file start-v2.tsv (TSV, C-alpha atoms and all ligand atoms)
chain	number	residue	atom	x	y	z
A	250	MET	CA	-16.67	-5.94	6.16
A	251	SER	CA	-13.05	-6.70	6.91
A	252	PHE	CA	-11.75	-7.02	10.46
A	253	ILE	CA	-8.14	-6.46	9.42
A	254	THR	CA	-6.02	-4.87	12.17
A	255	HIS	CA	-2.42	-4.99	10.90
A	256	LEU	CA	0.24	-7.07	9.15
A	257	GLU	CA	2.89	-9.08	10.96
A	258	CYS	CA	6.30	-10.36	9.92
A	259	THR	CA	6.50	-14.18	9.94
A	260	ARG	CA	10.08	-14.13	11.23
A	261	CYS	CA	10.75	-11.10	13.49
A	262	GLY	CA	7.13	-10.37	14.43
A	263	LYS	CA	7.31	-6.70	13.50
A	264	HIS	CA	3.90	-5.05	12.94
A	265	PHE	CA	2.94	-3.02	9.87
A	266	ALA	CA	-0.09	-0.78	9.39
A	267	ALA	CA	-3.04	-1.95	7.32
A	268	GLY	CA	-4.12	0.31	4.48
A	269	GLN	CA	-0.58	0.89	3.21
A	270	ILE	CA	1.49	-0.70	0.48
A	271	HIS	CA	3.83	-3.46	1.69
A	272	ASN	CA	6.04	-6.14	0.22
A	273	LEU	CA	8.52	-7.98	2.52
A	274	CYS	CA	9.63	-6.98	6.03
A	275	GLU	CA	13.04	-5.28	6.34
A	276	CYS	CA	14.34	-8.64	7.60
A	277	GLY	CA	13.48	-10.15	4.20
A	278	SER	CA	10.56	-12.29	5.38
A	279	PRO	CA	6.93	-12.45	4.26
A	280	LEU	CA	4.16	-10.57	6.07
A	281	LEU	CA	0.84	-12.08	7.06
A	282	VAL	CA	-2.44	-10.26	7.65
A	283	ARG	CA	-3.95	-10.23	11.15
A	284	TYR	CA	-7.60	-9.66	12.04
A	285	ASP	CA	-9.61	-8.85	15.14
A	286	LEU	CA	-11.10	-12.32	15.32
A	287	GLN	CA	-12.82	-11.71	18.63
A	288	ARG	CA	-14.94	-9.09	16.90
A	289	ALA	CA	-15.28	-11.09	13.67
A	290	ARG	CA	-16.59	-14.01	15.71
A	291	ALA	CA	-20.04	-12.50	16.13
A	292	LYS	CA	-20.53	-12.10	12.37
A	293	LEU	CA	-18.61	-14.96	10.80
A	294	GLN	CA	-20.61	-17.99	11.84
A	295	LEU	CA	-21.50	-21.00	9.75
A	296	GLN	CA	-25.24	-20.34	9.88
A	297	ASN	CA	-24.72	-16.76	8.60
A	298	LEU	CA	-22.88	-18.00	5.54
A	299	ARG	CA	-25.82	-19.74	3.91
A	300	SER	CA	-27.28	-16.59	2.39
A	301	ARG	CA	-23.96	-15.27	1.08
A	302	SER	CA	-22.58	-15.25	-2.47
A	303	PRO	CA	-21.06	-18.55	-3.68
A	304	ASP	CA	-17.53	-17.16	-4.03
A	305	LEU	CA	-14.61	-16.60	-1.68
A	306	TRP	CA	-15.95	-13.18	-0.64
A	307	ARG	CA	-18.43	-15.00	1.59
A	308	TYR	CA	-15.57	-14.96	4.14
A	309	ARG	CA	-15.15	-11.18	3.88
A	310	GLU	CA	-14.56	-10.67	7.63
A	311	VAL	CA	-11.27	-12.56	7.33
A	312	LEU	CA	-10.23	-11.01	4.01
A	313	PRO	CA	-8.20	-7.78	3.85
A	314	VAL	CA	-10.36	-5.78	1.43
A	315	THR	CA	-12.18	-3.08	3.38
A	316	ARG	CA	-14.49	-1.63	0.69
A	317	GLU	CA	-16.86	-3.74	-1.35
A	318	SER	CA	-16.23	-1.42	-4.31
A	319	SER	CA	-12.56	-2.46	-4.32
A	320	ARG	CA	-13.40	-6.08	-5.11
A	321	VAL	CA	-12.30	-7.37	-8.48
A	322	CYS	CA	-14.45	-10.48	-8.81
A	323	LEU	CA	-14.72	-13.04	-11.60
A	324	GLY	CA	-16.58	-15.62	-9.50
A	325	GLU	CA	-13.52	-17.13	-7.76
A	326	GLY	CA	-13.76	-19.73	-5.03
A	327	TYR	CA	-16.54	-21.85	-3.56
A	328	THR	CA	-15.54	-24.68	-5.87
A	329	PRO	CA	-17.12	-28.12	-5.44
A	330	LEU	CA	-15.85	-30.59	-2.87
A	331	MET	CA	-16.88	-33.98	-4.21
A	332	LEU	CA	-16.86	-37.41	-2.62
A	333	ALA	CA	-14.83	-39.55	-5.03
A	334	ARG	CA	-16.82	-42.80	-4.88
A	335	ARG	CA	-15.28	-44.75	-7.75
A	336	LEU	CA	-11.75	-43.62	-7.03
A	337	GLY	CA	-12.34	-44.27	-3.34
A	338	ASP	CA	-13.45	-47.84	-4.10
A	339	LYS	CA	-10.23	-48.46	-6.01
A	340	LEU	CA	-8.12	-47.00	-3.23
A	341	GLY	CA	-10.01	-48.57	-0.34
A	342	LEU	CA	-10.81	-45.04	0.89
A	343	PRO	CA	-14.56	-44.50	1.34
A	344	ASN	CA	-14.01	-40.89	2.49
A	345	VAL	CA	-11.72	-39.40	-0.13
A	346	TYR	CA	-12.85	-36.03	-1.51
A	347	LEU	CA	-11.74	-33.98	-4.50
A	348	LYS	CA	-11.60	-30.19	-4.25
A	349	ASP	CA	-12.09	-29.26	-7.89
A	350	GLU	CA	-10.17	-26.03	-8.31
A	351	SER	CA	-10.40	-26.25	-12.11
A	352	GLN	CA	-13.76	-24.50	-11.78
A	353	ASN	CA	-12.13	-21.24	-10.79
A	354	PRO	CA	-11.83	-18.36	-13.29
A	355	THR	CA	-8.78	-18.97	-15.54
A	356	GLY	CA	-9.02	-22.68	-14.70
A	357	SER	CA	-6.81	-22.76	-11.63
A	358	PHE	CA	-6.79	-21.88	-7.94
A	359	LYS	CA	-4.31	-19.10	-8.68
A	360	ALA	CA	-7.47	-17.06	-9.27
A	361	ARG	CA	-8.14	-17.08	-5.53
A	362	GLY	CA	-4.87	-15.42	-4.66
A	363	MET	CA	-4.89	-12.98	-7.54
A	364	ALA	CA	-8.50	-11.92	-6.94
A	365	VAL	CA	-7.57	-10.76	-3.45
A	366	ALA	CA	-4.15	-9.35	-4.41
A	367	VAL	CA	-5.54	-7.34	-7.33
A	368	SER	CA	-8.48	-6.14	-5.24
A	369	MET	CA	-6.08	-4.91	-2.57
A	370	ALA	CA	-3.88	-3.27	-5.18
A	371	HIS	CA	-7.01	-1.54	-6.47
A	372	GLU	CA	-7.92	-0.39	-2.96
A	373	LEU	CA	-4.40	0.95	-2.37
A	374	GLY	CA	-4.29	2.80	-5.69
A	375	ILE	CA	-1.66	0.62	-7.39
A	376	ARG	CA	-1.94	0.59	-11.20
A	377	ARG	CA	0.88	-1.64	-12.49
A	378	LEU	CA	1.45	-5.22	-11.35
A	379	ALA	CA	4.32	-7.55	-12.21
A	380	VAL	CA	4.87	-11.24	-11.49
A	381	PRO	CA	7.22	-14.08	-12.36
A	382	SER	CA	5.06	-17.12	-13.07
A	383	ALA	CA	5.47	-20.77	-13.95
A	384	GLY	CA	2.11	-20.49	-15.70
A	385	ASN	CA	-1.19	-20.18	-13.88
A	386	ALA	CA	-0.35	-17.23	-11.64
A	387	GLY	CA	0.44	-15.17	-14.72
A	388	GLY	CA	-2.84	-16.08	-16.39
A	389	ALA	CA	-4.81	-15.23	-13.28
A	390	LEU	CA	-3.03	-11.92	-12.77
A	391	ALA	CA	-3.60	-11.01	-16.43
A	392	ALA	CA	-7.33	-11.70	-16.15
A	393	TYR	CA	-7.88	-9.78	-12.91
A	394	ALA	CA	-5.70	-6.88	-14.05
A	395	ALA	CA	-7.78	-6.70	-17.24
A	396	LYS	CA	-11.00	-6.64	-15.22
A	397	ALA	CA	-9.60	-3.90	-13.00
A	398	GLY	CA	-8.19	-1.88	-15.90
A	399	MET	CA	-4.61	-2.22	-14.63
A	400	GLU	CA	-1.39	-3.03	-16.39
A	401	ALA	CA	0.24	-6.42	-15.89
A	402	ALA	CA	3.78	-7.56	-16.73
A	403	ILE	CA	4.43	-11.30	-16.64
A	404	TYR	CA	7.78	-13.09	-16.76
A	405	MET	CA	7.45	-16.75	-17.72
A	406	PRO	CA	9.85	-19.61	-18.43
A	407	GLU	CA	10.20	-20.35	-22.15
A	408	GLU	CA	8.75	-23.82	-21.62
A	409	THR	CA	5.52	-22.60	-19.98
A	410	PRO	CA	2.48	-24.37	-21.49
A	411	LEU	CA	1.03	-22.62	-24.55
A	412	ALA	CA	-2.33	-21.99	-22.86
A	413	ASN	CA	-0.66	-19.92	-20.14
A	414	ARG	CA	1.31	-17.84	-22.59
A	415	LEU	CA	-1.75	-17.21	-24.77
A	416	GLU	CA	-4.12	-16.31	-21.94
A	417	CYS	CA	-1.72	-13.66	-20.64
A	418	ALA	CA	-1.34	-12.14	-24.09
A	419	LEU	CA	-5.10	-12.25	-24.73
A	420	HIS	CA	-5.80	-10.35	-21.55
A	421	GLY	CA	-3.42	-7.66	-22.74
A	422	ALA	CA	-0.55	-8.34	-20.35
A	423	LYS	CA	3.05	-7.67	-21.29
A	424	VAL	CA	4.63	-11.16	-21.54
A	425	THR	CA	8.37	-11.77	-21.36
A	426	LEU	CA	9.71	-15.29	-21.89
A	427	VAL	CA	12.86	-16.12	-19.95
A	428	PRO	CA	15.16	-19.16	-20.28
A	429	GLY	CA	15.19	-21.26	-17.10
A	430	SER	CA	12.77	-21.52	-14.20
A	431	ILE	CA	10.43	-19.15	-12.33
A	432	ARG	CA	13.41	-18.24	-10.19
A	433	ASP	CA	15.28	-16.93	-13.24
A	434	CYS	CA	12.11	-15.07	-14.24
A	435	GLY	CA	12.09	-13.38	-10.84
A	436	ARG	CA	15.70	-12.26	-11.27
A	437	VAL	CA	15.10	-10.86	-14.78
A	438	MET	CA	11.93	-9.11	-13.62
A	439	CYS	CA	13.79	-7.38	-10.78
A	440	GLU	CA	16.53	-6.19	-13.13
A	441	ARG	CA	14.13	-4.92	-15.80
A	442	LEU	CA	11.69	-3.19	-13.47
A	443	GLN	CA	14.19	-1.63	-11.12
A	444	GLY	CA	13.40	2.02	-10.55
A	445	GLU	CA	9.99	1.73	-12.21
A	446	ASP	CA	6.69	1.86	-10.39
A	447	TRP	CA	5.65	-1.75	-10.92
A	448	PHE	CA	4.30	-3.51	-7.85
A	449	ASP	CA	5.72	-7.02	-7.29
A	450	VAL	CA	2.97	-9.61	-6.70
A	451	SER	CA	5.34	-12.61	-6.49
A	452	THR	CA	4.32	-15.46	-4.19
A	453	LEU	CA	4.52	-14.25	-0.56
A	454	ARG	CA	6.35	-11.05	-1.55
A	455	GLU	CA	3.01	-9.38	-1.21
A	456	PRO	CA	0.76	-10.34	1.70
A	457	TYR	CA	-2.65	-10.85	0.07
A	458	ARG	CA	-2.40	-13.80	-2.35
A	459	VAL	CA	-2.10	-16.09	0.65
A	460	GLU	CA	-5.31	-14.58	2.04
A	461	GLY	CA	-7.15	-15.58	-1.11
A	462	LYS	CA	-5.76	-19.09	-1.07
A	463	LYS	CA	-6.54	-19.69	2.59
A	464	THR	CA	-10.24	-19.63	1.73
A	465	MET	CA	-9.85	-23.23	0.53
A	466	ALA	CA	-9.65	-24.25	4.19
A	467	TYR	CA	-12.78	-22.29	5.12
A	468	GLU	CA	-14.62	-23.88	2.21
A	469	VAL	CA	-13.58	-27.43	3.04
A	470	PHE	CA	-14.78	-26.92	6.62
A	471	GLU	CA	-18.07	-25.45	5.47
A	472	GLN	CA	-18.61	-28.05	2.75
A	473	LEU	CA	-17.97	-30.95	5.12
A	474	GLY	CA	-20.80	-29.60	7.25
A	475	GLY	CA	-18.66	-27.92	9.88
A	476	ARG	CA	-15.78	-30.31	10.39
A	477	LEU	CA	-12.23	-30.65	9.14
A	478	PRO	CA	-10.81	-33.63	7.27
A	479	ASP	CA	-8.07	-35.83	8.75
A	480	ALA	CA	-5.58	-35.15	5.98
A	481	LEU	CA	-4.98	-32.72	3.10
A	482	ILE	CA	-2.92	-33.71	0.08
A	483	TYR	CA	-1.56	-30.61	-1.60
A	484	PRO	CA	0.68	-30.25	-4.68
A	485	THR	CA	3.26	-27.78	-3.42
A	486	GLY	CA	5.26	-25.20	-5.35
A	487	GLY	CA	5.69	-21.86	-3.57
A	488	GLY	CA	3.44	-23.15	-0.80
A	489	THR	CA	0.92	-20.29	-0.73
A	490	GLY	CA	-2.01	-22.65	-0.32
A	491	LEU	CA	-0.44	-24.75	2.44
A	492	ILE	CA	0.68	-21.69	4.37
A	493	GLY	CA	-2.68	-20.04	3.85
A	494	MET	CA	-4.70	-23.03	5.00
A	495	TRP	CA	-2.45	-23.52	8.02
A	496	LYS	CA	-3.09	-19.87	8.93
A	497	ALA	CA	-6.82	-20.34	8.34
A	498	PHE	CA	-6.98	-23.17	10.89
A	499	ASP	CA	-5.55	-20.87	13.57
A	500	GLU	CA	-8.11	-18.25	12.62
A	501	MET	CA	-10.92	-20.81	12.72
A	502	GLN	CA	-9.86	-21.81	16.22
A	503	GLU	CA	-9.94	-18.18	17.36
A	504	LEU	CA	-13.33	-17.79	15.73
A	505	GLY	CA	-14.53	-20.66	17.88
A	506	TRP	CA	-15.19	-22.92	14.86
A	507	ILE	CA	-12.71	-25.67	15.79
A	508	GLY	CA	-10.52	-26.86	18.64
A	509	ALA	CA	-6.79	-27.50	18.67
A	510	ARG	CA	-6.85	-30.54	16.36
A	511	ARG	CA	-5.53	-29.92	12.84
A	512	PRO	CA	-5.64	-31.95	9.63
A	513	ARG	CA	-2.34	-33.53	8.72
A	514	MET	CA	-0.80	-31.65	5.81
A	515	PHE	CA	0.99	-33.60	3.07
A	516	ALA	CA	2.99	-31.78	0.41
A	517	VAL	CA	3.46	-33.53	-2.93
A	518	GLN	CA	6.24	-32.38	-5.24
A	519	ALA	CA	7.73	-33.60	-8.52
A	520	GLN	CA	10.79	-35.84	-8.42
A	521	GLY	CA	12.51	-33.41	-10.77
A	522	CYS	CA	11.95	-30.46	-8.40
A	523	ALA	CA	11.50	-31.44	-4.76
A	524	PRO	CA	13.24	-28.91	-2.50
A	525	MET	CA	10.67	-29.27	0.32
A	526	VAL	CA	10.87	-33.06	0.26
A	527	ARG	CA	14.64	-32.91	0.60
A	528	ALA	CA	14.53	-30.35	3.40
A	529	PHE	CA	11.76	-32.21	5.22
A	530	ALA	CA	13.75	-35.46	5.11
A	531	ALA	CA	16.88	-33.67	6.32
A	532	GLY	CA	15.03	-32.07	9.23
A	533	ALA	CA	16.12	-28.66	7.94
A	534	GLU	CA	14.38	-25.40	8.81
A	535	ARG	CA	14.95	-23.94	5.36
A	536	ALA	CA	15.17	-25.56	1.91
A	537	GLU	CA	18.14	-25.26	-0.42
A	538	GLU	CA	17.51	-24.20	-4.00
A	539	TRP	CA	16.94	-27.16	-6.36
A	540	THR	CA	19.26	-27.05	-9.33
A	541	ASN	CA	17.97	-27.72	-12.84
A	542	PRO	CA	14.27	-28.18	-11.94
A	543	GLN	CA	12.41	-30.39	-14.42
A	544	THR	CA	8.72	-31.33	-14.49
A	545	ARG	CA	5.68	-31.11	-16.75
A	546	ALA	CA	3.72	-29.98	-13.69
A	547	SER	CA	4.65	-26.36	-14.27
A	548	GLY	CA	3.05	-25.21	-11.01
A	549	LEU	CA	5.53	-27.41	-9.14
A	550	ARG	CA	8.58	-26.15	-11.03
A	551	VAL	CA	9.57	-23.86	-8.17
A	552	PRO	CA	13.18	-24.51	-7.13
A	553	ALA	CA	13.18	-22.22	-4.10
A	554	ALA	CA	10.35	-20.81	-2.00
A	555	ILE	CA	10.64	-17.71	0.17
A	556	GLY	CA	8.08	-19.26	2.55
A	557	ASP	CA	9.99	-22.56	2.83
A	558	PHE	CA	10.25	-22.35	6.62
A	559	LEU	CA	6.50	-21.78	6.89
A	560	ILE	CA	5.73	-24.78	4.67
A	561	LEU	CA	8.09	-27.04	6.62
A	562	ARG	CA	6.70	-25.83	9.93
A	563	ALA	CA	3.12	-26.61	8.88
A	564	LEU	CA	4.09	-30.09	7.67
A	565	ARG	CA	5.89	-30.88	10.92
A	566	GLU	CA	3.44	-29.33	13.36
A	567	SER	CA	0.56	-31.14	11.66
A	568	ARG	CA	2.46	-34.48	11.72
A	569	GLY	CA	2.32	-34.56	7.95
A	570	ALA	CA	5.10	-35.20	5.43
A	571	ALA	CA	6.51	-34.22	2.05
A	572	LEU	CA	6.86	-36.70	-0.79
A	573	ALA	CA	7.99	-36.68	-4.40
A	574	VAL	CA	6.29	-38.41	-7.33
A	575	SER	CA	7.36	-38.95	-10.94
A	576	ASP	CA	5.94	-37.09	-13.91
A	577	GLY	CA	4.93	-40.38	-15.53
A	578	ALA	CA	2.89	-41.38	-12.50
A	579	MET	CA	1.24	-37.94	-12.32
A	580	LEU	CA	0.13	-38.09	-15.92
A	581	THR	CA	-1.24	-41.62	-15.55
A	582	ALA	CA	-3.11	-40.39	-12.49
A	583	VAL	CA	-4.64	-37.57	-14.53
A	584	ARG	CA	-6.10	-40.23	-16.81
A	585	GLU	CA	-7.30	-42.31	-13.86
A	586	ILE	CA	-9.14	-39.33	-12.32
A	587	ALA	CA	-10.64	-38.48	-15.71
A	588	GLU	CA	-11.84	-42.09	-16.18
A	589	THR	CA	-13.24	-42.60	-12.70
A	590	GLU	CA	-14.46	-39.19	-11.59
A	591	GLY	CA	-15.14	-37.21	-14.76
A	592	ILE	CA	-12.67	-34.44	-14.03
A	593	ILE	CA	-9.77	-33.49	-16.29
A	594	THR	CA	-7.21	-32.17	-13.87
A	595	SER	CA	-3.67	-30.92	-14.37
A	596	PRO	CA	-0.51	-32.95	-13.67
A	597	GLU	CA	-0.30	-31.20	-10.27
A	598	GLY	CA	-3.76	-32.54	-9.45
A	599	GLY	CA	-2.70	-35.99	-10.65
A	600	ALA	CA	0.25	-35.80	-8.27
A	601	THR	CA	-2.11	-35.82	-5.28
A	602	LEU	CA	-3.54	-39.19	-6.32
A	603	VAL	CA	-0.07	-40.67	-6.67
A	604	GLY	CA	0.74	-39.17	-3.29
A	605	VAL	CA	-2.30	-40.62	-1.52
A	606	ARG	CA	-1.51	-44.11	-2.83
A	607	LYS	CA	2.06	-43.86	-1.53
A	608	LEU	CA	0.93	-42.55	1.83
A	609	LEU	CA	-1.56	-45.42	2.19
A	610	ALA	CA	1.04	-48.01	1.18
A	611	ASP	CA	3.55	-46.57	3.64
A	612	GLY	CA	1.03	-46.57	6.49
A	613	PHE	CA	0.82	-42.77	6.82
A	614	LEU	CA	-2.91	-42.84	6.14
A	615	ALA	CA	-5.62	-45.28	7.21
A	616	GLY	CA	-8.61	-46.38	5.13
A	617	HIS	CA	-11.30	-44.81	7.28
A	618	GLU	CA	-9.79	-41.31	7.26
A	619	THR	CA	-11.37	-38.31	5.56
A	620	ILE	CA	-8.88	-37.10	3.00
A	621	VAL	CA	-9.04	-34.16	0.60
A	622	LEU	CA	-7.06	-34.06	-2.65
A	623	PHE	CA	-6.58	-30.61	-4.15
A	624	LEU	CA	-7.04	-30.71	-7.91
A	625	THR	CA	-5.47	-27.33	-8.41
A	626	ALA	CA	-6.04	-26.64	-12.12
A	627	THR	CA	-7.76	-27.86	-15.22
A	628	GLY	CA	-5.95	-30.27	-17.54
A	629	TYR	CA	-7.15	-28.24	-20.52
A	630	LYS	CA	-4.22	-25.90	-19.95
A	631	TYR	CA	-1.71	-28.77	-20.25
A	632	LEU	CA	-2.56	-30.29	-23.61
A	633	GLU	CA	1.10	-30.68	-24.59
A	634	ALA	CA	1.69	-32.92	-21.58
A	635	LEU	CA	-1.60	-34.83	-21.86
A	636	GLU	CA	-1.38	-35.55	-25.57
A	637	THR	CA	1.08	-38.39	-24.99
A	638	LEU	CA	-1.52	-40.16	-22.78
A	639	THR	CA	-4.23	-40.31	-25.37
A	640	LEU	CA	-2.60	-40.70	-28.77
A	641	GLU	CA	-2.98	-44.48	-28.82
A	642	ARG	CA	-6.71	-44.16	-28.04
A	643	ILE	CA	-7.59	-41.90	-30.92
A	644	ASN	CA	-7.80	-43.40	-34.40
B	1	LIG	C1	0.92	-22.73	-8.47
B	1	LIG	C2	0.37	-24.09	-8.57
B	1	LIG	C3	0.56	-25.06	-7.57
B	1	LIG	C4	1.40	-24.78	-6.36
B	1	LIG	O1	0.73	-23.90	-5.50
B	1	LIG	P1	1.42	-23.20	-4.26
B	1	LIG	O2	0.29	-22.85	-3.37
B	1	LIG	O3	2.13	-22.01	-4.77
B	1	LIG	O4	2.35	-24.20	-3.64
B	1	LIG	C5	-0.05	-26.29	-7.72
B	1	LIG	N1	-0.80	-26.58	-8.80
B	1	LIG	C6	-1.02	-25.69	-9.79
B	1	LIG	C7	-1.84	-26.08	-10.95
B	1	LIG	C8	-0.45	-24.41	-9.71
B	1	LIG	O5	-0.67	-23.54	-10.68
B	2	ZN	ZN	10.75	-9.19	9.88
call {"tool": "encode", "arguments": {"input": "start-v2.tsv", "output": "structure tokens"}}
result
Amino acid sequence: MSFITHLECTRCGKHFAAGQIHNLCECGSPLLVRYDLQRARAKLQLQNLRSRSPDLWRYREVLPVTRESSRVCLGEGYTPLMLARRLGDKLGLPNVYLKDESQNPTGSFKARGMAVAVSMAHELGIRRLAVPSAGNAGGALAAYAAKAGMEAAIYMPEETPLANRLECALHGAKVTLVPGSIRDCGRVMCERLQGEDWFDVSTLREPYRVEGKKTMAYEVFEQLGGRLPDALIYPTGGGTGLIGMWKAFDEMQELGWIGARRPRMFAVQAQGCAPMVRAFAAGAERAEEWTNPQTRASGLRVPAAIGDFLILRALRESRGAALAVSDGAMLTAVREIAETEGIITSPEGGATLVGVRKLLADGFLAGHETIVLFLTATGYKYLEALETLTLERIN
């Protein structure tokens, strides 16, 4: 099963015991899980994976859950990685792939993180989970909490898409709508739940969501037949996926799967909420909070990220970049992906197509490179935003 050894602070390096409940380090920074990869190496080999279940638990040696009975599974992970032929022809990119995360439970890749976080909560005996969410994280938490028979409390911005609000309520979660952004939701949640025994599963404030999301990197490697792409284009909010995949590459090197070369990581944000883009351009180590964040891509409406320094580090060390795209361009890109590749993705997914075009035009990417776009959620949860694209076509 798991080869977890301990947890480690991302800033001061302090170690914490596995098998206990943790949020942040005393220094206020996120913790990451560490494994005995020298021992895992004998078991976690590509050829051993073939017979395993088609979900993220196929990478159990590098996941924190120690007992199979703790797993709360709805079939998360192992989503298709598809060569985008028609889109690639249009872009002049014969090796562009789509990682279709819409096929996860609850229609978004937030299921990956919540599956592992809720399973760990289950293993550690936690019964009540709370999260501020711009949309999909709340839905995923509500679903996994329901499956595990736990209570969930979700704090969402008033303008969260209807689908997200309804799914949380349907799964029996306690939903509180808050004016403002996810950041305001976090503040209200802390005030309301102070002194109560609710466990905070906010992005990177608990160490296991990132473990679930890192499995995207393992999958891409496996699905490309044991190699990594040249570039990853990732719609970035709190950065869990970027940080997780960056961690996974280090693990894969220690497992003997890869050498020192890494894919270049590109973060795409919305023009109306681009704190990482601003910090990246300024050469800053941390990102300042974005005031008045505005975008229809609710997953990108994250004005401040506690893991900002980890996101920026991954972008720089990989020789990647951060770029901002407009909401209008994202939505048009959703239509383009739907028309050429048969996938209805979310505005965040659309943002990756806008991003790849910009990166090609600016000479950051070359035509022969293998590039993966992360289509992080289904467009079916964003009907309010997509309606404007299609009205003129329906009569
Ligand atoms: C949460 C979310 C993102 C951002 O993911 P992070 O890993 O937190 O940066 C992107 N797209 C969608 C659809 C999301 O729900
Ligand atoms: Zn610390």
call {"tool": "axis_aligned_box", "arguments": {"input": "start-v2.tsv", "around": "ligand LIG 1 (chain B)", "padding_each_side": "8 Å", "output": "JSON"}}
result
{"center_x": 0.3, "center_y": -24.3, "center_z": -7.2, "size_x": 20.2, "size_y": 20.6, "size_z": 23.6}
call {"tool": "residues_near_ligand", "arguments": {"input": "start-v2.tsv", "ligand": "ligand ZN 2 (chain B)", "cutoff": "9 Å", "atoms": "all atoms listed in the file", "output": "PyMOL selection string"}}
result
chain A and resi 257-264+273-280
call {"tool": "residues_around", "arguments": {"input": "start-v2.tsv", "residues": "A:Leu347", "least_positions_apart": "3", "cutoff": "9 Å", "atoms": "all atoms listed in the file", "output": "PyMOL selection string"}}
result
chain A and resi 329-333+350+620-624
call {"tool": "closest_residue", "arguments": {"input": "start-v2.tsv", "among": "A:Gly628, A:Gly548, A:Gly577, A:Gly616", "to": "A:Gly591", "atoms": "only C-alpha atoms"}}
result
A:Gly628
call {"tool": "residues_near_ligand", "arguments": {"input": "start-v2.tsv", "ligand": "ligand LIG 1 (chain B)", "cutoff": "8 Å", "atoms": "only C-alpha atoms and all ligand atoms", "output": "PyMOL selection string"}}
result
chain A and resi 357-359+383-386+452+462+483-492+546-549+595-598+624-627
call {"tool": "atom_distance", "arguments": {"input": "start-v2.tsv", "atom1": "atom CA of A:Ser382", "atom2": "atom CA of A:Asp449"}}
result
11.7 Å
